[in-house]
file coords-v3.cif (mmCIF, C-alpha atoms and all ligand atoms)
data_data
#
loop_
_atom_site.group_PDB
_atom_site.id
_atom_site.type_symbol
_atom_site.label_atom_id
_atom_site.label_comp_id
_atom_site.auth_asym_id
_atom_site.auth_seq_id
_atom_site.Cartn_x
_atom_site.Cartn_y
_atom_site.Cartn_z
ATOM 1 C CA MET A 16 -0.084 -92.796 4.639
ATOM 2 C CA GLN A 17 -2.829 -95.026 3.326
ATOM 3 C CA LYS A 18 -2.902 -98.476 4.793
ATOM 4 C CA PRO A 19 -2.534 -101.198 2.076
ATOM 5 C CA SER A 20 -5.423 -103.658 1.912
ATOM 6 C CA PHE A 21 -5.567 -107.023 0.155
ATOM 7 C CA ASN A 22 -8.388 -109.318 -0.827
ATOM 8 C CA PHE A 23 -6.726 -112.695 -0.317
ATOM 9 C CA LYS A 24 -9.831 -114.682 -1.122
ATOM 10 C CA HIS A 25 -10.148 -113.519 -4.695
ATOM 11 C CA THR A 26 -6.507 -113.082 -5.595
ATOM 12 C CA HIS A 27 -5.248 -115.855 -7.809
ATOM 13 C CA ASN A 28 -2.926 -113.919 -10.092
ATOM 14 C CA PRO A 29 0.702 -115.225 -9.470
ATOM 15 C CA ASN A 30 2.110 -111.698 -9.527
ATOM 16 C CA THR A 31 -0.410 -110.587 -6.973
ATOM 17 C CA ILE A 32 0.487 -113.575 -4.753
ATOM 18 C CA LYS A 33 4.216 -112.677 -5.038
ATOM 19 C CA ILE A 34 3.508 -109.101 -4.034
ATOM 20 C CA ARG A 35 1.274 -110.300 -1.187
ATOM 21 C CA ASN A 36 4.047 -112.600 0.159
ATOM 22 C CA ARG A 37 6.652 -109.794 -0.003
ATOM 23 C CA VAL A 38 4.348 -107.439 1.868
ATOM 24 C CA LEU A 39 3.743 -110.126 4.488
ATOM 25 C CA ILE A 40 7.514 -110.690 5.001
ATOM 26 C CA ILE A 41 8.153 -106.920 5.238
ATOM 27 C CA THR A 42 5.318 -106.560 7.783
ATOM 28 C CA VAL A 43 6.646 -109.403 9.950
ATOM 29 C CA CYS A 44 10.216 -108.008 9.785
ATOM 30 C CA ALA A 45 8.986 -104.524 10.713
ATOM 31 C CA ALA A 46 7.077 -105.958 13.673
ATOM 32 C CA LEU A 47 10.168 -107.878 14.843
ATOM 33 C CA ILE A 48 12.483 -104.821 14.531
ATOM 34 C CA SER A 49 9.956 -102.716 16.405
ATOM 35 C CA ALA A 50 9.813 -105.264 19.252
ATOM 36 C CA ILE A 51 13.642 -105.453 19.518
ATOM 37 C CA VAL A 52 14.067 -101.650 19.482
ATOM 38 C CA GLY A 53 11.360 -101.295 22.130
ATOM 39 C CA SER A 54 13.084 -103.791 24.442
ATOM 40 C CA VAL A 55 16.491 -102.125 24.085
ATOM 41 C CA CYS A 56 15.038 -98.727 24.947
ATOM 42 C CA PHE A 57 13.246 -100.129 27.980
ATOM 43 C CA PHE A 58 16.268 -101.904 29.480
ATOM 44 C CA SER A 59 18.724 -99.108 28.730
ATOM 45 C CA GLY A 60 16.529 -96.886 30.904
ATOM 46 C CA ILE A 61 17.673 -98.873 33.975
ATOM 47 C CA GLY A 62 21.134 -97.306 33.901
ATOM 48 C CA LYS A 63 19.843 -93.742 33.755
ATOM 49 C CA PRO A 64 19.458 -93.005 37.519
ATOM 50 C CA GLU A 65 22.978 -94.313 38.229
ATOM 51 C CA ARG A 66 24.469 -91.992 35.614
ATOM 52 C CA ALA A 67 22.489 -89.165 37.163
ATOM 53 C CA VAL A 68 24.504 -89.514 40.414
ATOM 54 C CA PRO A 69 27.681 -87.468 39.981
ATOM 55 C CA ALA A 70 29.640 -89.494 42.546
ATOM 56 C CA GLY A 71 28.252 -92.762 41.127
ATOM 57 C CA LYS A 72 31.621 -94.086 40.008
ATOM 58 C CA SER A 73 33.210 -93.875 43.420
ATOM 59 C CA SER A 74 30.104 -94.568 45.471
ATOM 60 C CA PRO A 75 29.718 -98.063 46.914
ATOM 61 C CA TYR A 76 26.038 -97.247 47.355
ATOM 62 C CA ALA A 77 25.676 -96.603 43.587
ATOM 63 C CA HIS A 78 27.380 -99.917 42.977
ATOM 64 C CA ARG A 79 24.816 -101.600 45.209
ATOM 65 C CA ILE A 80 21.953 -100.032 43.231
ATOM 66 C CA PHE A 81 23.525 -101.335 40.030
ATOM 67 C CA SER A 82 23.792 -104.833 41.486
ATOM 68 C CA GLU A 83 20.218 -104.761 42.706
ATOM 69 C CA THR A 84 18.855 -103.851 39.266
ATOM 70 C CA ARG A 85 20.792 -106.759 37.844
ATOM 71 C CA SER A 86 19.368 -109.323 40.189
ATOM 72 C CA HIS A 87 15.839 -108.020 40.592
ATOM 73 C CA ALA A 88 13.088 -106.874 38.264
ATOM 74 C CA PRO A 89 13.305 -103.100 37.821
ATOM 75 C CA SER A 90 10.919 -101.140 39.987
ATOM 76 C CA ALA A 91 10.229 -97.494 40.666
ATOM 77 C CA ALA A 92 11.858 -97.841 44.113
ATOM 78 C CA SER A 93 15.169 -98.880 42.528
ATOM 79 C CA PHE A 94 15.389 -95.574 40.723
ATOM 80 C CA ALA A 95 14.153 -93.252 43.450
ATOM 81 C CA PRO A 96 16.802 -90.518 43.948
ATOM 82 C CA LYS A 97 16.003 -90.104 47.663
ATOM 83 C CA PRO A 98 18.086 -93.005 49.082
ATOM 84 C CA LEU A 99 21.141 -91.738 47.193
ATOM 85 C CA GLN A 100 21.380 -88.621 49.382
ATOM 86 C CA PRO A 101 22.835 -90.266 52.565
ATOM 87 C CA ALA A 102 25.259 -92.243 50.400
ATOM 88 C CA ALA A 103 26.788 -89.021 49.115
ATOM 89 C CA LYS A 104 27.600 -88.031 52.719
ATOM 90 C CA ALA A 105 28.957 -91.488 53.574
ATOM 91 C CA VAL A 106 31.679 -91.297 50.918
ATOM 92 C CA GLY A 107 33.208 -88.116 52.418
ATOM 93 C CA LYS A 108 36.584 -87.905 54.186
ATOM 94 C CA PRO A 109 37.146 -90.466 56.978
ATOM 95 C CA LYS A 110 36.672 -89.057 60.451
ATOM 96 C CA LYS A 111 39.938 -88.391 62.279
ATOM 97 C CA VAL A 112 39.553 -89.082 65.995
ATOM 98 C CA ILE A 113 42.043 -88.447 68.777
ATOM 99 C CA TYR A 114 41.734 -90.040 72.197
ATOM 100 C CA LEU A 115 43.789 -87.912 74.562
ATOM 101 C CA THR A 116 44.927 -89.898 77.594
ATOM 102 C CA PHE A 117 46.568 -88.614 80.760
ATOM 103 C CA ASP A 118 48.316 -91.081 83.053
ATOM 104 C CA ASP A 119 49.513 -90.896 86.656
ATOM 105 C CA GLY A 120 47.044 -88.305 87.933
ATOM 106 C CA PRO A 121 45.175 -87.000 89.684
ATOM 107 C CA SER A 122 47.517 -84.326 90.959
ATOM 108 C CA THR A 123 47.727 -80.613 91.624
ATOM 109 C CA LEU A 124 47.801 -80.203 87.823
ATOM 110 C CA THR A 125 44.526 -82.047 87.218
ATOM 111 C CA VAL A 126 42.071 -79.191 87.716
ATOM 112 C CA PRO A 127 44.246 -76.765 85.685
ATOM 113 C CA LEU A 128 44.297 -79.377 82.891
ATOM 114 C CA LEU A 129 40.509 -79.834 83.087
ATOM 115 C CA ASN A 130 40.152 -76.061 82.704
ATOM 116 C CA VAL A 131 42.204 -76.135 79.478
ATOM 117 C CA LEU A 132 40.274 -79.105 78.072
ATOM 118 C CA ASP A 133 36.958 -77.447 78.942
ATOM 119 C CA LYS A 134 38.050 -74.270 77.156
ATOM 120 C CA TYR A 135 38.617 -76.205 73.911
ATOM 121 C CA HIS A 136 35.498 -78.398 74.412
ATOM 122 C CA VAL A 137 37.650 -81.496 74.245
ATOM 123 C CA LYS A 138 36.933 -84.764 76.047
ATOM 124 C CA ALA A 139 39.802 -86.923 77.325
ATOM 125 C CA THR A 140 40.556 -89.955 79.473
ATOM 126 C CA PHE A 141 42.389 -90.083 82.814
ATOM 127 C CA PHE A 142 44.140 -93.316 83.816
ATOM 128 C CA VAL A 143 44.586 -92.683 87.481
ATOM 129 C CA VAL A 144 46.785 -93.833 90.336
ATOM 130 C CA GLY A 145 46.121 -94.021 94.064
ATOM 131 C CA VAL A 146 49.182 -92.363 95.485
ATOM 132 C CA ASN A 147 50.730 -88.923 95.731
ATOM 133 C CA ASP A 148 47.570 -86.850 95.765
ATOM 134 C CA LYS A 149 46.154 -85.535 99.011
ATOM 135 C CA ASP A 150 43.067 -84.340 97.136
ATOM 136 C CA GLU A 151 42.580 -87.678 95.407
ATOM 137 C CA VAL A 152 38.858 -88.062 96.073
ATOM 138 C CA SER A 153 37.855 -84.506 95.243
ATOM 139 C CA ASP A 154 39.988 -84.547 92.077
ATOM 140 C CA LEU A 155 38.478 -87.837 90.919
ATOM 141 C CA LYS A 156 35.034 -86.385 91.581
ATOM 142 C CA GLU A 157 35.891 -83.313 89.546
ATOM 143 C CA ILE A 158 37.100 -85.403 86.579
ATOM 144 C CA ALA A 159 33.806 -87.324 86.617
ATOM 145 C CA ARG A 160 31.622 -84.278 87.266
ATOM 146 C CA ARG A 161 32.985 -82.530 84.184
ATOM 147 C CA GLY A 162 32.269 -85.563 82.002
ATOM 148 C CA TYR A 163 35.758 -86.978 81.439
ATOM 149 C CA ALA A 164 36.470 -90.708 81.315
ATOM 150 C CA ILE A 165 38.307 -92.404 84.167
ATOM 151 C CA GLY A 166 40.214 -95.669 83.903
ATOM 152 C CA VAL A 167 42.309 -97.762 86.252
ATOM 153 C CA HIS A 168 46.075 -97.317 85.923
ATOM 154 C CA SER A 169 47.440 -98.644 89.225
ATOM 155 C CA TYR A 170 47.145 -98.005 92.935
ATOM 156 C CA THR A 171 50.883 -98.218 93.701
ATOM 157 C CA HIS A 172 52.368 -97.911 90.180
ATOM 158 C CA ASP A 173 55.169 -100.147 91.479
ATOM 159 C CA TYR A 174 56.185 -102.314 88.498
ATOM 160 C CA ARG A 175 58.021 -104.970 90.503
ATOM 161 C CA GLN A 176 55.134 -105.363 92.895
ATOM 162 C CA ILE A 177 52.162 -105.399 90.513
ATOM 163 C CA TYR A 178 53.713 -107.628 87.845
ATOM 164 C CA ALA A 179 55.110 -110.194 90.328
ATOM 165 C CA SER A 180 52.043 -112.428 89.923
ATOM 166 C CA PRO A 181 48.438 -112.248 88.669
ATOM 167 C CA GLU A 182 47.284 -112.229 92.299
ATOM 168 C CA ALA A 183 49.514 -109.267 93.149
ATOM 169 C CA PHE A 184 48.323 -107.514 90.018
ATOM 170 C CA PHE A 185 44.604 -107.883 90.738
ATOM 171 C CA SER A 186 45.060 -106.959 94.397
ATOM 172 C CA ASP A 187 46.493 -103.600 93.265
ATOM 173 C CA PHE A 188 43.966 -103.297 90.418
ATOM 174 C CA ASP A 189 40.944 -103.921 92.678
ATOM 175 C CA LYS A 190 42.177 -101.367 95.207
ATOM 176 C CA MET A 191 42.315 -98.663 92.526
ATOM 177 C CA HIS A 192 39.021 -99.719 90.981
ATOM 178 C CA SER A 193 37.297 -99.459 94.380
ATOM 179 C CA LEU A 194 38.859 -96.056 95.062
ATOM 180 C CA ILE A 195 37.434 -94.717 91.787
ATOM 181 C CA LYS A 196 34.029 -96.295 92.409
ATOM 182 C CA ASN A 197 33.763 -95.001 95.962
ATOM 183 C CA ALA A 198 34.772 -91.483 94.904
ATOM 184 C CA THR A 199 32.700 -91.168 91.730
ATOM 185 C CA GLY A 200 30.198 -94.035 91.594
ATOM 186 C CA ILE A 201 31.745 -95.076 88.269
ATOM 187 C CA ASP A 202 32.345 -98.802 87.748
ATOM 188 C CA THR A 203 35.046 -98.235 85.148
ATOM 189 C CA LYS A 204 35.794 -100.953 82.612
ATOM 190 C CA ILE A 205 38.860 -99.411 81.011
ATOM 191 C CA TYR A 206 42.462 -99.952 82.017
ATOM 192 C CA ARG A 207 46.017 -98.982 81.105
ATOM 193 C CA PHE A 208 49.081 -100.985 82.075
ATOM 194 C CA PRO A 209 51.873 -99.025 83.760
ATOM 195 C CA GLY A 210 54.663 -99.253 81.170
ATOM 196 C CA GLY A 211 52.228 -100.509 78.510
ATOM 197 C CA SER A 212 50.840 -104.016 78.076
ATOM 198 C CA VAL A 213 54.227 -105.302 76.925
ATOM 199 C CA ASN A 214 57.049 -104.267 79.250
ATOM 200 C CA THR A 215 60.142 -105.838 80.742
ATOM 201 C CA TYR A 216 58.476 -106.432 84.125
ATOM 202 C CA ASN A 217 55.406 -108.392 83.034
ATOM 203 C CA LYS A 218 57.036 -110.826 80.628
ATOM 204 C CA LYS A 219 56.012 -113.879 82.670
ATOM 205 C CA THR A 220 52.643 -112.638 83.895
ATOM 206 C CA ARG A 221 51.170 -110.549 81.063
ATOM 207 C CA LYS A 222 49.282 -113.393 79.390
ATOM 208 C CA ALA A 223 47.512 -114.476 82.590
ATOM 209 C CA ILE A 224 46.819 -110.856 83.549
ATOM 210 C CA ILE A 225 45.281 -110.069 80.153
ATOM 211 C CA GLN A 226 43.131 -113.205 80.331
ATOM 212 C CA GLY A 227 42.002 -112.164 83.823
ATOM 213 C CA LEU A 228 41.145 -108.645 82.633
ATOM 214 C CA LYS A 229 39.132 -110.053 79.741
ATOM 215 C CA GLN A 230 37.246 -112.478 81.995
ATOM 216 C CA ARG A 231 36.331 -109.625 84.304
ATOM 217 C CA GLY A 232 35.088 -107.507 81.388
ATOM 218 C CA TYR A 233 37.866 -104.919 81.284
ATOM 219 C CA VAL A 234 39.322 -103.445 78.093
ATOM 220 C CA PHE A 235 42.921 -102.199 78.126
ATOM 221 C CA PHE A 236 44.374 -99.472 75.937
ATOM 222 C CA ASP A 237 47.994 -98.803 74.989
ATOM 223 C CA TRP A 238 48.795 -95.896 72.638
ATOM 224 C CA ASN A 239 50.109 -95.108 69.148
ATOM 225 C CA ALA A 240 51.159 -91.474 69.697
ATOM 226 C CA GLY A 241 52.589 -89.349 72.472
ATOM 227 C CA GLY A 242 54.790 -86.487 73.535
ATOM 228 C CA GLY A 243 57.553 -88.529 75.153
ATOM 229 C CA ASP A 244 56.875 -86.715 78.427
ATOM 230 C CA ALA A 245 57.613 -89.711 80.663
ATOM 231 C CA VAL A 246 61.268 -88.665 80.831
ATOM 232 C CA VAL A 247 62.645 -86.522 83.654
ATOM 233 C CA HIS A 248 62.432 -82.763 82.894
ATOM 234 C CA PRO A 249 60.893 -82.992 79.418
ATOM 235 C CA GLN A 250 61.148 -79.848 77.288
ATOM 236 C CA ALA A 251 57.818 -78.303 76.261
ATOM 237 C CA ALA A 252 58.810 -77.672 72.626
ATOM 238 C CA LYS A 253 59.999 -81.257 72.269
ATOM 239 C CA ILE A 254 56.770 -82.648 73.763
ATOM 240 C CA LEU A 255 54.686 -80.587 71.357
ATOM 241 C CA SER A 256 56.648 -81.509 68.231
ATOM 242 C CA GLU A 257 56.813 -85.211 69.111
ATOM 243 C CA ALA A 258 53.112 -85.365 69.983
ATOM 244 C CA LEU A 259 52.128 -83.650 66.722
ATOM 245 C CA THR A 260 54.475 -85.772 64.601
ATOM 246 C CA THR A 261 53.249 -89.059 66.037
ATOM 247 C CA THR A 262 49.581 -88.027 65.918
ATOM 248 C CA HIS A 263 49.896 -87.004 62.266
ATOM 249 C CA MET A 264 50.983 -90.541 61.461
ATOM 250 C CA HIS A 265 47.447 -91.876 62.034
ATOM 251 C CA ASN A 266 43.830 -91.043 61.319
ATOM 252 C CA ASN A 267 42.869 -92.366 64.751
ATOM 253 C CA SER A 268 45.217 -91.949 67.672
ATOM 254 C CA ILE A 269 45.446 -92.697 71.331
ATOM 255 C CA VAL A 270 47.879 -90.060 72.552
ATOM 256 C CA LEU A 271 49.842 -90.670 75.744
ATOM 257 C CA PHE A 272 50.501 -87.750 78.080
ATOM 258 C CA HIS A 273 51.097 -87.553 81.824
ATOM 259 C CA ASN A 274 49.318 -85.543 84.479
ATOM 260 C CA SER A 275 51.407 -86.041 87.609
ATOM 261 C CA SER A 276 52.389 -82.950 89.577
ATOM 262 C CA VAL A 277 55.791 -82.625 87.832
ATOM 263 C CA LYS A 278 54.367 -82.511 84.286
ATOM 264 C CA SER A 279 53.762 -78.770 83.975
ATOM 265 C CA ALA A 280 55.602 -78.773 80.609
ATOM 266 C CA THR A 281 52.932 -81.126 79.256
ATOM 267 C CA LEU A 282 50.141 -78.923 80.566
ATOM 268 C CA SER A 283 51.745 -75.882 78.892
ATOM 269 C CA ILE A 284 51.618 -77.363 75.360
ATOM 270 C CA ILE A 285 48.082 -78.791 75.469
ATOM 271 C CA PRO A 286 46.373 -75.604 74.152
ATOM 272 C CA GLN A 287 48.624 -75.442 71.076
ATOM 273 C CA PHE A 288 48.441 -79.189 70.544
ATOM 274 C CA ILE A 289 44.626 -79.181 70.559
ATOM 275 C CA SER A 290 44.123 -75.990 68.521
ATOM 276 C CA THR A 291 46.560 -77.160 65.822
ATOM 277 C CA LEU A 292 44.767 -80.476 65.379
ATOM 278 C CA GLN A 293 41.282 -78.973 65.583
ATOM 279 C CA LYS A 294 42.202 -76.669 62.674
ATOM 280 C CA GLU A 295 43.309 -79.750 60.733
ATOM 281 C CA GLY A 296 39.896 -81.397 61.133
ATOM 282 C CA TYR A 297 40.608 -83.804 63.993
ATOM 283 C CA THR A 298 37.953 -84.402 66.628
ATOM 284 C CA PHE A 299 38.570 -85.473 70.218
ATOM 285 C CA ALA A 300 36.759 -88.144 72.186
ATOM 286 C CA ALA A 301 36.982 -89.999 75.488
ATOM 287 C CA LEU A 302 37.721 -93.711 75.572
ATOM 288 C CA ASN A 303 35.055 -96.227 76.536
ATOM 289 C CA PRO A 304 34.928 -100.051 76.523
ATOM 290 C CA SER A 305 33.232 -100.144 73.108
ATOM 291 C CA VAL A 306 36.231 -98.527 71.364
ATOM 292 C CA ASP A 307 38.085 -101.223 69.425
ATOM 293 C CA ASN A 308 41.436 -101.477 71.221
ATOM 294 C CA ARG A 309 43.112 -103.723 68.633
ATOM 295 C CA PRO A 310 44.757 -100.962 66.569
ATOM 296 C CA PHE A 311 46.203 -99.460 69.754
ATOM 297 C CA ILE A 312 47.557 -102.347 71.819
ATOM 298 C CA PHE A 313 51.088 -103.705 71.985
ATOM 299 C CA TYR A 314 50.101 -107.186 73.165
ATOM 300 C CA HIS A 315 48.799 -109.658 70.604
ATOM 301 C CA ASP A 316 48.366 -113.309 71.444
ATOM 302 C CA ALA A 317 50.745 -115.198 69.150
HETATM 303 ZN ZN ZN B 1 51.976 -94.542 84.601
#
call {"tool": "encode", "arguments": {"input": "coords-v3.cif", "output": "structure tokens", "more": "lines below"}}
Ligand code: ZN
result
Amino acid sequence: MQKPSFNFKHTHNPNTIKIRNRVLIITVCAALISAIVGSVCFFSGIGKPERAVPAGKSSPYAHRIFSETRSHAPSAASFAPKPLQPAAKAVGKPKKVIYLTFDDGPSTLTVPLLNVLDKYHVKATFFVVGVNDKDEVSDLKEIARRGYAIGVHSYTHDYRQIYASPEAFFSDFDKMHSLIKNATGIDTKIYRFPGGSVNTYNKKTRKAIIQGLKQRGYVFFDWNAGGGDAVVHPQAAKILSEALTTTHMHNNSIVLFHNSSVKSATLSIIPQFISTLQKEGYTFAALNPSVDNRPFIFYHDA
């Protein structure tokens, strides 16, 4: 199209002036519309990378990108698809972790239990006692050598004695801690109360004991699942069903079992218990002091 040209200097005809003014107005309007359209196109481009992420709506990472582009000038880095890749993984299913715990060992059933756990490549935690095992030292060594966690349970496991006073408690506690350290070299920082942190025997002493444990840098763990195998002569089928039912109630569980010499029924159900949960996507881990104990403890300071 030919570009219109005007000779303003020599145009004095009123009609010509009218036409010239109209053309000027049209030109200015066209320029303004062009500028507005250009801006809209430019800014609407900011949203494009977010829409390109399929999981964008449910991804907190995508939300963060959106917020960033609102508060900062748009840059090439804001739209780079590369950082979105880890975010897609992060929004997957939550990890379901089980901490298997075995109290009251070691015993004649400890090595057989370790063999089962090894077979399923499962790590677990042993809260141990200092009585009733003639092979105490070698069993403790074996637990440590195979990479399982060891925590203090009690030397005597005598409720009346250990909960009589904080002094009585720590006398028993230190004896068990030393036994573990001398046998394995492990300076364990994890602990489980006989009877749980809230029981009928430690009503008067539990607060002082828990403060003492904290001051010394120990972390205690109760449980939120278990097979009910503390009773006399527990039935294997009942242990299995109760342990599965209570574990299924949580994404993350600390499961209580026992490993004293009379708990062969417990040992017998461990393969089925583990294989069932492994098929359901659970993973198994050993406890350590960095595990947050708050979801798993009975005692909470009022
Ligand atoms: Zn116990």
call {"tool": "residues_near_ligand", "arguments": {"input": "coords-v3.cif", "ligand": "ligand ZN 1 (chain B)", "cutoff": "12 Å", "atoms": "all atoms listed in the file", "output": "VMD selection string"}}
result
chain A and resid 116 to 121 141 to 146 166 to 174 206 to 212 237 244 to 246 271 to 275
call {"tool": "atom_distance", "arguments": {"input": "coords-v3.cif", "atom1": "atom CA of Lys110 of chain A", "atom2": "atom CA of Pro310 of chain A"}}
result
15.6 Å
call {"tool": "residues_around", "arguments": {"input": "coords-v3.cif", "residues": "segment 250-265 of chain A", "least_positions_apart": "6", "cutoff": "7 Å", "atoms": "only C-alpha atoms", "output": "compact mmCIF listing (two decimals) with C-alpha atoms, in the frame of the given file"}}
result
# COMPACT_ATOMS: atom_id res chain seq x y z
CA ALA A 240 51.16 -91.47 69.70
CA GLY A 241 52.59 -89.35 72.47
CA GLY A 242 54.79 -86.49 73.54
CA GLY A 243 57.55 -88.53 75.15
CA ASP A 244 56.88 -86.72 78.43
CA ALA A 280 55.60 -78.77 80.61
CA THR A 281 52.93 -81.13 79.26
CA ILE A 284 51.62 -77.36 75.36
CA PHE A 288 48.44 -79.19 70.54
call {"tool": "closest_residue", "arguments": {"input": "coords-v3.cif", "among": "A:Ile289, A:Val277, A:Ala300, A:Ile224", "to": "Lys134 of chain A", "atoms": "only C-alpha atoms"}}
result
A:Ile289
call {"tool": "resolve_selection", "arguments": {"input": "coords-v3.cif", "expression": "the PyMOL selection byres (((chain A and resi 305) around 12) and not hetatm)", "output": "PyMOL selection string"}}
result
chain A and resi 204-205+232-236+301-304+306-309
call {"tool": "resolve_selection", "arguments": {"input": "coords-v3.cif", "expression": "the PyMOL selection byres (((chain A and resi 180) around 10) and not hetatm)", "output": "VMD selection string"}}
result
chain A and resid 175 to 179 181 to 186 217 219 to 221 223 to 224
